[in-house]
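Inspection log for the structure reproduced underneath, given as structure tokens.
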2 protein chains.
Amino acid sequence: MKDVAGVAGVSLATVSRVLSESGEVRPELAAKVHTAVELLGYRRSVMASSLRRADRLTGSLGVVFEDVANPFFSSVHRGIEEVARERGGLVLAGSSDDDPVRERELADAFAARAVDGLIMVPSAGDQAYLSREREMGVALAFVDRPPRFLEGDVVLSDNAGGIGEAVAHLHAAGHRRIAFLGDRLRIYTAAERLRGHREALRELGLAEEPALVRTGLASTEAAETAVREVLDVPVPPTALLTSQNLVTIGAIRALRGLGLQHAVALVGFDDLALGDMLDPSVTVIAQDPTEIGRTAARLLFERIDGYAGPARTITLPTELRVRGSSHPGPAREAPPPA
Amino acid sequence: MKDVAGVAGVSLATVSRVLSESGEVRPELAAKVHTAVELLGYRRSVMASSLRRADRLTGSLGVVFEDVANPFFSSVHRGIEEVARERGGLVLAGSSDDDPVRERELADAFAARAVDGLIMVPSAGDQAYLSREREMGVALAFVDRPPRFLEGDVVLSDNAGGIGEAVAHLHAAGHRRIAFLGDRLRIYTAAERLRGHREALRELGLAEEPALVRTGLASTEAAETAVREVLDVPVPPTALLTSQNLVTIGAIRALRGLGLQHAVALVGFDDLALGDMLDPSVTVIAQDPTEIGRTAARLLFERIDGYAGPARTITLPTELRVRGSSHPGPAREAPPPA
DNA sequence: CTGAAAGCGCTTACAG
DNA sequence: CTGAAAGCGCTTACAG
């Protein structure tokens, strides 16, 4: 910048004013500065700039995902990037692998790089430590699940509502025995989806049968086994609701293995790539991860811009994509009462 | 840091030495410093630190992908993150959408944040502008395709070799009429894959028939149409080679639409999620995106650590995953000579 | 081994 | 509107 000032024949302060578009500068001087910048190929250092600025903003955001390579999160990432880009912001991203220690290391490393804000998919741990970052001026927003032991803006999908819609859809198609296959309940989304199932059954006047509810399924294999077991009870379910991608895949494998893919209905949470190419194609409850990312970024920028009101929770709707698996071909009579 | 010095009763310089682990400091003083750091909850500013350091390193890396939400690239991202993490580094990522202007804006924005290095998936444009960044001390590495008008370290998949292996596999299964469906040839990987097809045919003594080669396919729809056309020639192919995911999906749709999914063999480039659940399951040429990311990060860190030798090109092998689609069920007699 | 001082590249009151 | 000067939070010769 010193060189630019020299070439342009103005003071350092003037160059700074021109380049940061702050204060009034005579157009002729501004032109000289721009010419010098072009000539020298000068680029202002964001780091030095933010160090001295009153607002200390760096125009960068940190994002902690469970895994940047997970397609759901990488779509959230994209949504955040889109909104950040409108403001000239850049995104730092890292994977916590749902490890609270790693999550904290990442938050620390981002804060040390003076990010303006942090968007986090909170791990199973405790997020209270983030109140210190907030005090130090780092804005916060959460995504996919709420933080624990800390208030904060959060963007969620309507997990319970999405499941409820699926249950109603299956009920309308004549199903009365709807099994629920879910992940470990310590995971917020897993618990919410189970809650949605229970509430929907109650609203429809259906009894909840313990034999038709299986949770704690963390892998495709576990899900496959659970589906086989749940279909092996005295009065088996006519429809399956799977609360997560891996569980859905396990269920598909199990149904195929038993030759029941056209006999037992299936609705899965989260869309599957190629889900429409399978036989039968898979009915799903789809989230909108890109919009989740955009929304979280907007909330975060409001905080960065000074909003200091109470924490907000935004719940985005899910979309039921009805495909073949919830319209099993052969006619079926109503199952006997439980 | 000033506060820490005050509490610890030492000079600023000593605190800096302890925290940056540079220079010799008496253990007792170091202990005092650490106590003060704990007490105050102090965290060193990476920005201020790097501004004054001799090496100017910030411990952050910029990555320009075509799209952070593309599963291939998000896996590359994960590989880069893993290697960066070993060194305490952080990753900034952005999407160019294959737009040279956006690519350059991102490279600029990263450089203004003083990243130590840049890993890029070069867009179709010209990367010569990056030589300026390199002169300013930013290390460079490229991924998936080589930069244009610039020398640089690059990590590629063995595109031609992977296709060659697939052609040999189909040939061994008796196929003599193997169609190639590819993307726009201005895309490096598309051109390489077509080259692999041609060379493999030549090596096997098969003539290349223009009617069996279709390129320029940028969408599922275009691919579907092209497959229908290529199957409609007087002597149709008995096998299809698709050079990219969207093309593969278009081919699957076309074959199903025609009821030929068990009659015409198919091998696609890049694995498909659920590719093993389709009927028939899809034989693919799989890349290893995470390893591509790790390798690029390693090359980049070598440059950051001072390696100044010639540009290196590392080509990673692909893996042929033989599944049902290249073993069509019904026996088939050798097709008539061309 | 330790401290006082200069300075990285910038912004911002403070005068004029 | 413009410039000289102080200072953001740190590191690093330079003395001692």
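The way I read the labels, and the way they are meant: chains A, B, ... in the order of the structure tokens, residue 1 as the first residue of every chain, and ligand 1 as the first ligand shown, with later ones counted on from there.
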
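All of the residues in chain D within 12 Å of chain A are DC1, DT2, DG3, DA4, DA5, DA6, DG7, DC8, DG9 and DC10 of chain D, where only C-alpha atoms (C1' of nucleotides) were counted.
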
What would the file look like if the residues just selected were written as a PDB file, in the first residue's frame with C-alpha atoms (C1' of nucleotides)?
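Written output follows (again.pdb):
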ATOM      1  C1'  DC D   1     -10.911  16.586   1.309  1.00  0.00           C
ATOM      2  C1'  DT D   2      -6.073  15.211   2.816  1.00  0.00           C
ATOM      3  C1'  DG D   3      -1.926  13.910   5.535  1.00  0.00           C
ATOM      4  C1'  DA D   4       1.028  12.747   9.657  1.00  0.00           C
ATOM      5  C1'  DA D   5       0.904   9.815  13.372  1.00  0.00           C
ATOM      6  C1'  DA D   6      -0.652   6.343  16.455  1.00  0.00           C
ATOM      7  C1'  DG D   7      -1.672   1.710  17.049  1.00  0.00           C
ATOM      8  C1'  DC D   8      -4.261  -3.257  15.980  1.00  0.00           C
ATOM      9  C1'  DG D   9      -1.665  -7.915  18.107  1.00  0.00           C
ATOM     10  C1'  DC D  10       1.874  -9.985  17.251  1.00  0.00           C
TER      11       DC D  10
END

Sel. of helix (DSSP H, G or I) residues, region 88-218 of chain A, as a ChimeraX atom specification: /A:100-112,130-135,159-172,188-203,210-212

Mind doing a quick least-squares superposition of chain A onto chain B, all C-alpha atoms paired one-to-one in order, and writing it out as a short mmCIF file (atom, residue, chain, number, x, y, z; two decimals) with C-alpha atoms, in the first residue's frame?
data_model
loop_
_atom_site.label_atom_id
_atom_site.label_comp_id
_atom_site.auth_asym_id
_atom_site.auth_seq_id
_atom_site.Cartn_x
_atom_site.Cartn_y
_atom_site.Cartn_z
CA MET A 1 -0.83 -11.12 24.97
CA LYS A 2 0.03 -7.97 26.83
CA ASP A 3 -2.34 -9.02 29.60
CA VAL A 4 -0.75 -12.46 29.73
CA ALA A 5 2.68 -10.88 30.07
CA GLY A 6 1.39 -8.72 32.88
CA VAL A 7 -0.20 -11.56 34.81
CA ALA A 8 2.80 -13.84 34.27
CA GLY A 9 5.21 -11.09 35.19
CA VAL A 10 7.33 -11.50 32.08
CA SER A 11 7.87 -9.54 28.89
CA LEU A 12 5.77 -9.68 25.76
CA ALA A 13 8.70 -11.28 23.97
CA THR A 14 8.82 -14.14 26.44
CA VAL A 15 5.11 -14.84 26.09
CA SER A 16 5.52 -14.89 22.34
CA ARG A 17 8.46 -17.27 22.59
CA VAL A 18 6.54 -19.65 24.84
CA LEU A 19 3.40 -19.61 22.77
CA SER A 20 5.12 -20.00 19.43
CA GLU A 21 7.51 -22.58 20.87
CA SER A 22 10.43 -20.71 19.43
CA GLY A 23 13.64 -19.89 21.26
CA GLU A 24 14.68 -21.21 24.64
CA VAL A 25 12.68 -20.18 27.66
CA ARG A 26 13.31 -21.24 31.25
CA PRO A 27 10.68 -23.85 32.21
CA GLU A 28 9.57 -21.87 35.25
CA LEU A 29 8.75 -18.83 33.14
CA ALA A 30 7.04 -20.97 30.56
CA ALA A 31 4.87 -22.45 33.30
CA LYS A 32 3.92 -18.99 34.52
CA VAL A 33 2.94 -18.02 31.01
CA HIS A 34 0.78 -21.10 30.58
CA THR A 35 -0.92 -20.45 33.87
CA ALA A 36 -1.69 -16.89 32.85
CA VAL A 37 -3.03 -18.09 29.50
CA GLU A 38 -5.40 -20.50 31.25
CA LEU A 39 -6.46 -17.86 33.74
CA LEU A 40 -7.28 -15.28 31.11
CA GLY A 41 -8.60 -17.70 28.53
CA TYR A 42 -6.19 -16.12 26.13
CA ARG A 43 -5.93 -17.17 22.49
CA ARG A 44 -3.23 -15.96 20.16
CA SER A 45 -4.34 -14.20 17.00
CA VAL A 46 -3.17 -16.15 13.98
CA MET A 47 -3.63 -13.08 11.82
CA ALA A 48 -1.44 -10.78 13.85
CA SER A 49 1.05 -13.56 14.31
CA SER A 50 1.45 -14.34 10.62
CA LEU A 51 1.65 -10.66 9.78
CA ARG A 52 4.89 -10.37 11.70
CA ARG A 53 6.41 -13.82 11.25
CA ALA A 54 9.37 -14.35 8.99
CA ASP A 55 7.64 -17.16 7.05
CA ARG A 56 4.27 -15.38 6.94
CA LEU A 57 2.48 -18.71 7.23
CA THR A 58 -1.14 -18.69 8.35
CA GLY A 59 -1.85 -22.40 8.41
CA SER A 60 -4.75 -22.08 6.03
CA LEU A 61 -5.34 -23.46 2.58
CA GLY A 62 -7.74 -22.31 -0.10
CA VAL A 63 -9.55 -24.80 -2.30
CA VAL A 64 -11.46 -23.94 -5.45
CA PHE A 65 -13.81 -26.69 -6.58
CA GLU A 66 -16.27 -26.67 -9.38
CA ASP A 67 -18.96 -27.22 -6.75
CA VAL A 68 -18.46 -27.97 -3.07
CA ALA A 69 -21.77 -29.86 -3.10
CA ASN A 70 -20.67 -32.32 -5.78
CA PRO A 71 -20.01 -35.63 -3.97
CA PHE A 72 -16.80 -36.23 -5.91
CA PHE A 73 -15.37 -32.89 -4.88
CA SER A 74 -16.66 -33.03 -1.33
CA SER A 75 -14.73 -36.30 -0.94
CA VAL A 76 -11.62 -34.61 -2.34
CA HIS A 77 -12.28 -31.87 0.21
CA ARG A 78 -12.33 -34.42 2.97
CA GLY A 79 -9.00 -35.86 1.87
CA ILE A 80 -7.42 -32.41 1.82
CA GLU A 81 -8.83 -31.68 5.25
CA GLU A 82 -7.35 -34.87 6.68
CA VAL A 83 -3.83 -33.99 5.59
CA ALA A 84 -4.19 -30.32 6.55
CA ARG A 85 -5.38 -31.34 9.96
CA GLU A 86 -2.20 -33.29 10.67
CA ARG A 87 -0.42 -29.97 10.40
CA GLY A 88 -2.98 -27.93 12.26
CA GLY A 89 -4.14 -26.38 9.01
CA LEU A 90 -7.60 -25.18 8.07
CA VAL A 91 -9.34 -25.27 4.71
CA LEU A 92 -11.23 -22.50 2.95
CA ALA A 93 -13.38 -23.82 0.14
CA GLY A 94 -15.37 -22.24 -2.67
CA SER A 95 -17.24 -23.18 -5.85
CA SER A 96 -16.23 -21.80 -9.23
CA ASP A 97 -19.14 -23.40 -11.11
CA ASP A 98 -16.50 -23.83 -13.80
CA ASP A 99 -16.64 -20.08 -14.43
CA PRO A 100 -13.14 -18.68 -15.06
CA VAL A 101 -14.15 -15.29 -13.66
CA ARG A 102 -15.47 -16.78 -10.47
CA GLU A 103 -12.41 -19.00 -10.22
CA ARG A 104 -10.19 -15.97 -10.33
CA GLU A 105 -12.28 -14.05 -7.81
CA LEU A 106 -11.95 -16.95 -5.42
CA ALA A 107 -8.21 -17.27 -5.92
CA ASP A 108 -7.92 -13.54 -5.31
CA ALA A 109 -10.04 -13.62 -2.19
CA PHE A 110 -8.05 -16.54 -0.80
CA ALA A 111 -4.76 -14.83 -1.54
CA ALA A 112 -5.99 -11.65 0.17
CA ARG A 113 -6.57 -13.80 3.24
CA ALA A 114 -2.98 -14.95 2.99
CA VAL A 115 -3.56 -18.65 2.50
CA ASP A 116 -0.33 -20.64 2.43
CA GLY A 117 -1.45 -22.55 -0.62
CA LEU A 118 -4.20 -23.03 -3.15
CA ILE A 119 -5.61 -26.31 -4.46
CA MET A 120 -7.67 -25.87 -7.56
CA VAL A 121 -9.88 -27.79 -9.91
CA PRO A 122 -9.08 -25.57 -12.87
CA SER A 123 -12.02 -24.28 -14.86
CA ALA A 124 -12.08 -24.37 -18.63
CA GLY A 125 -10.29 -21.00 -18.72
CA ASP A 126 -6.67 -19.98 -18.51
CA GLN A 127 -4.71 -20.37 -15.26
CA ALA A 128 -1.70 -18.25 -16.26
CA TYR A 129 -2.81 -15.53 -13.83
CA LEU A 130 -1.84 -17.82 -10.98
CA SER A 131 1.85 -17.36 -11.65
CA ARG A 132 1.50 -14.00 -9.92
CA GLU A 133 0.07 -15.65 -6.80
CA ARG A 134 2.91 -18.11 -6.87
CA GLU A 135 5.43 -15.26 -7.01
CA MET A 136 3.74 -13.76 -4.00
CA GLY A 137 4.46 -16.95 -2.10
CA VAL A 138 1.24 -18.92 -2.51
CA ALA A 139 1.92 -22.60 -3.21
CA LEU A 140 -0.21 -24.24 -5.89
CA ALA A 141 -1.58 -27.68 -6.64
CA PHE A 142 -4.21 -28.88 -9.09
CA VAL A 143 -6.68 -31.67 -8.99
CA ASP A 144 -8.80 -33.69 -11.46
CA ARG A 145 -7.42 -31.85 -14.50
CA PRO A 146 -4.21 -30.04 -15.38
CA PRO A 147 -4.01 -26.25 -15.41
CA ARG A 148 -3.73 -24.50 -18.77
CA PHE A 149 -0.90 -22.15 -19.71
CA LEU A 150 0.79 -22.80 -16.39
CA GLU A 151 3.06 -25.52 -15.03
CA GLY A 152 2.02 -26.96 -11.72
CA ASP A 153 1.74 -30.05 -9.56
CA VAL A 154 -1.36 -31.98 -10.47
CA VAL A 155 -3.16 -35.09 -9.28
CA LEU A 156 -5.24 -36.96 -11.83
CA SER A 157 -7.10 -40.22 -12.09
CA ASP A 158 -5.97 -42.63 -14.76
CA ASN A 159 -8.90 -41.79 -16.98
CA ALA A 160 -7.62 -43.45 -20.13
CA GLY A 161 -6.31 -46.47 -18.24
CA GLY A 162 -9.57 -46.98 -16.41
CA ILE A 163 -11.51 -46.95 -19.65
CA GLY A 164 -8.96 -49.27 -21.17
CA GLU A 165 -9.49 -51.78 -18.40
CA ALA A 166 -13.24 -51.60 -18.91
CA VAL A 167 -12.91 -52.16 -22.65
CA ALA A 168 -10.66 -55.16 -22.04
CA HIS A 169 -13.16 -56.53 -19.54
CA LEU A 170 -16.00 -56.22 -22.04
CA HIS A 171 -13.84 -57.69 -24.78
CA ALA A 172 -13.03 -60.68 -22.60
CA ALA A 173 -16.75 -61.18 -22.07
CA GLY A 174 -17.16 -61.49 -25.83
CA HIS A 175 -18.17 -57.97 -26.73
CA ARG A 176 -16.86 -56.63 -30.01
CA ARG A 177 -19.20 -53.72 -30.58
CA ILE A 178 -18.66 -51.34 -27.67
CA ALA A 179 -20.26 -47.93 -27.89
CA PHE A 180 -18.77 -44.92 -26.14
CA LEU A 181 -21.00 -42.20 -24.73
CA GLY A 182 -19.10 -39.14 -23.53
CA ASP A 183 -19.36 -35.59 -22.29
CA ARG A 184 -18.17 -32.42 -24.06
CA LEU A 185 -14.61 -32.89 -25.21
CA ARG A 186 -13.47 -29.47 -24.00
CA ILE A 187 -13.58 -31.09 -20.57
CA TYR A 188 -10.20 -32.67 -19.95
CA THR A 189 -11.51 -35.83 -18.34
CA ALA A 190 -14.02 -36.36 -21.14
CA ALA A 191 -11.29 -36.12 -23.76
CA GLU A 192 -8.99 -38.45 -21.83
CA ARG A 193 -11.68 -41.07 -21.47
CA LEU A 194 -12.42 -40.98 -25.18
CA ARG A 195 -8.71 -41.32 -25.87
CA GLY A 196 -8.63 -44.36 -23.58
CA HIS A 197 -11.47 -45.92 -25.53
CA ARG A 198 -9.76 -45.40 -28.87
CA GLU A 199 -6.43 -46.72 -27.70
CA ALA A 200 -8.01 -49.78 -26.12
CA LEU A 201 -9.92 -50.61 -29.31
CA ARG A 202 -6.74 -50.29 -31.33
CA GLU A 203 -4.79 -52.52 -28.97
CA LEU A 204 -7.47 -55.16 -29.19
CA GLY A 205 -7.54 -54.89 -32.95
CA LEU A 206 -11.08 -53.56 -33.04
CA ALA A 207 -12.06 -50.92 -35.55
CA GLU A 208 -13.43 -47.67 -34.19
CA GLU A 209 -16.86 -47.08 -35.63
CA PRO A 210 -18.02 -43.49 -35.70
CA ALA A 211 -21.61 -44.60 -35.35
CA LEU A 212 -20.79 -46.07 -31.94
CA VAL A 213 -19.15 -42.97 -30.51
CA ARG A 214 -21.24 -40.12 -29.17
CA THR A 215 -19.82 -37.15 -27.28
CA GLY A 216 -20.98 -33.74 -26.12
CA LEU A 217 -23.51 -35.28 -23.74
CA ALA A 218 -23.96 -32.83 -20.89
CA SER A 219 -27.16 -34.08 -19.29
CA THR A 220 -29.09 -37.21 -18.44
CA GLU A 221 -31.63 -36.36 -21.13
CA ALA A 222 -29.02 -35.91 -23.84
CA ALA A 223 -27.45 -39.20 -22.85
CA GLU A 224 -30.76 -41.02 -22.90
CA THR A 225 -31.48 -39.80 -26.41
CA ALA A 226 -27.98 -40.64 -27.61
CA VAL A 227 -28.24 -44.18 -26.24
CA ARG A 228 -31.53 -44.74 -28.01
CA GLU A 229 -29.99 -43.52 -31.23
CA VAL A 230 -26.84 -45.56 -30.90
CA LEU A 231 -28.91 -48.69 -30.31
CA ASP A 232 -30.90 -47.93 -33.42
CA VAL A 233 -28.08 -48.31 -35.94
CA PRO A 234 -28.10 -51.25 -38.37
CA VAL A 235 -25.69 -53.33 -36.32
CA PRO A 236 -26.17 -52.09 -32.75
CA PRO A 237 -23.56 -52.31 -30.00
CA THR A 238 -23.72 -55.12 -27.44
CA ALA A 239 -22.10 -53.00 -24.76
CA LEU A 240 -22.10 -49.35 -23.67
CA LEU A 241 -19.32 -47.41 -22.01
CA THR A 242 -20.50 -44.21 -20.36
CA SER A 243 -17.90 -41.65 -19.39
CA GLN A 244 -19.62 -39.84 -16.54
CA ASN A 245 -22.35 -40.21 -13.94
CA LEU A 246 -25.12 -38.27 -15.64
CA VAL A 247 -24.45 -40.14 -18.87
CA THR A 248 -24.54 -43.45 -17.02
CA ILE A 249 -27.90 -42.58 -15.51
CA GLY A 250 -29.25 -41.56 -18.91
CA ALA A 251 -28.07 -44.87 -20.31
CA ILE A 252 -29.77 -46.82 -17.53
CA ARG A 253 -33.01 -44.99 -18.23
CA ALA A 254 -32.74 -45.65 -21.95
CA LEU A 255 -31.98 -49.35 -21.50
CA ARG A 256 -34.89 -49.76 -19.12
CA GLY A 257 -37.20 -47.87 -21.40
CA LEU A 258 -36.29 -50.30 -24.16
CA GLY A 259 -36.35 -53.32 -21.85
CA LEU A 260 -32.73 -54.00 -22.77
CA GLN A 261 -31.08 -53.59 -19.36
CA HIS A 262 -30.33 -57.31 -19.23
CA ALA A 263 -29.44 -57.61 -22.90
CA VAL A 264 -26.94 -54.81 -23.43
CA ALA A 265 -23.88 -54.58 -21.18
CA LEU A 266 -23.03 -51.32 -19.43
CA VAL A 267 -19.93 -49.98 -17.70
CA GLY A 268 -19.95 -46.45 -16.31
CA PHE A 269 -17.16 -44.13 -15.23
CA ASP A 270 -17.47 -43.11 -11.57
CA ASP A 271 -19.25 -45.17 -8.98
CA LEU A 272 -22.91 -44.53 -8.23
CA ALA A 273 -24.42 -44.44 -4.77
CA LEU A 274 -26.79 -47.40 -4.71
CA GLY A 275 -25.27 -48.60 -7.99
CA ASP A 276 -25.15 -52.06 -6.45
CA MET A 277 -28.87 -51.95 -5.64
CA LEU A 278 -30.10 -51.41 -9.16
CA ASP A 279 -31.24 -54.27 -11.39
CA PRO A 280 -28.86 -55.13 -12.87
CA SER A 281 -26.27 -53.68 -10.52
CA VAL A 282 -23.94 -51.37 -12.38
CA THR A 283 -20.32 -52.18 -13.23
CA VAL A 284 -18.24 -49.04 -12.80
CA ILE A 285 -14.77 -47.60 -13.09
CA ALA A 286 -14.32 -46.03 -9.66
CA GLN A 287 -12.01 -43.19 -8.73
CA ASP A 288 -10.69 -42.56 -5.23
CA PRO A 289 -11.53 -38.92 -4.60
CA THR A 290 -10.43 -38.89 -0.96
CA GLU A 291 -6.99 -40.18 -1.93
CA ILE A 292 -6.83 -37.62 -4.73
CA GLY A 293 -7.41 -34.93 -2.12
CA ARG A 294 -4.82 -36.34 0.26
CA THR A 295 -2.23 -36.60 -2.49
CA ALA A 296 -2.80 -33.05 -3.68
CA ALA A 297 -2.52 -31.75 -0.13
CA ARG A 298 0.75 -33.61 0.34
CA LEU A 299 2.20 -32.15 -2.85
CA LEU A 300 1.07 -28.71 -1.74
CA PHE A 301 2.67 -29.03 1.69
CA GLU A 302 5.91 -30.11 0.09
CA ARG A 303 5.87 -26.85 -1.86
CA ILE A 304 4.99 -24.90 1.26
CA ASP A 305 7.89 -26.62 3.01
CA GLY A 306 10.23 -25.40 0.33
CA TYR A 307 10.29 -27.93 -2.49
CA ALA A 308 11.06 -25.92 -5.57
CA GLY A 309 11.69 -28.67 -8.11
CA PRO A 310 9.87 -29.26 -11.36
CA ALA A 311 6.11 -29.71 -11.56
CA ARG A 312 4.90 -33.19 -10.79
CA THR A 313 1.97 -35.10 -12.21
CA ILE A 314 0.61 -37.94 -10.14
CA THR A 315 -1.84 -40.29 -11.78
CA LEU A 316 -3.91 -42.41 -9.43
CA PRO A 317 -5.25 -45.75 -10.60
CA THR A 318 -8.94 -46.38 -11.00
CA GLU A 319 -10.69 -49.54 -9.92
CA LEU A 320 -13.00 -51.62 -12.07
CA ARG A 321 -15.92 -52.76 -9.91
CA VAL A 322 -17.47 -55.60 -11.83
CA ARG A 323 -21.16 -56.00 -11.09
CA GLY A 324 -24.17 -57.31 -12.94
CA SER A 325 -24.49 -54.87 -15.82
CA SER A 326 -21.40 -56.16 -17.58
CA HIS A 327 -22.54 -59.78 -17.19
CA PRO A 328 -25.85 -59.68 -19.03
CA GLY A 329 -27.80 -62.79 -18.22
CA PRO A 330 -28.89 -64.34 -21.53
CA ALA A 331 -26.22 -65.94 -23.68
CA ARG A 332 -25.44 -63.98 -26.77
CA GLU A 333 -23.80 -64.96 -29.96
CA ALA A 334 -20.87 -63.07 -31.32
CA PRO A 335 -22.07 -60.08 -33.31
CA PRO A 336 -21.52 -60.11 -37.04
CA PRO A 337 -18.42 -58.38 -38.34
CA ALA A 338 -18.78 -54.68 -38.98
#

Which of region 49-220 of chain B DSSP labels strand (DSSP E), written as a PyMOL selection string: chain B and resi 60-65+90-95+117-120+139-143+154-157+178-181+213-214
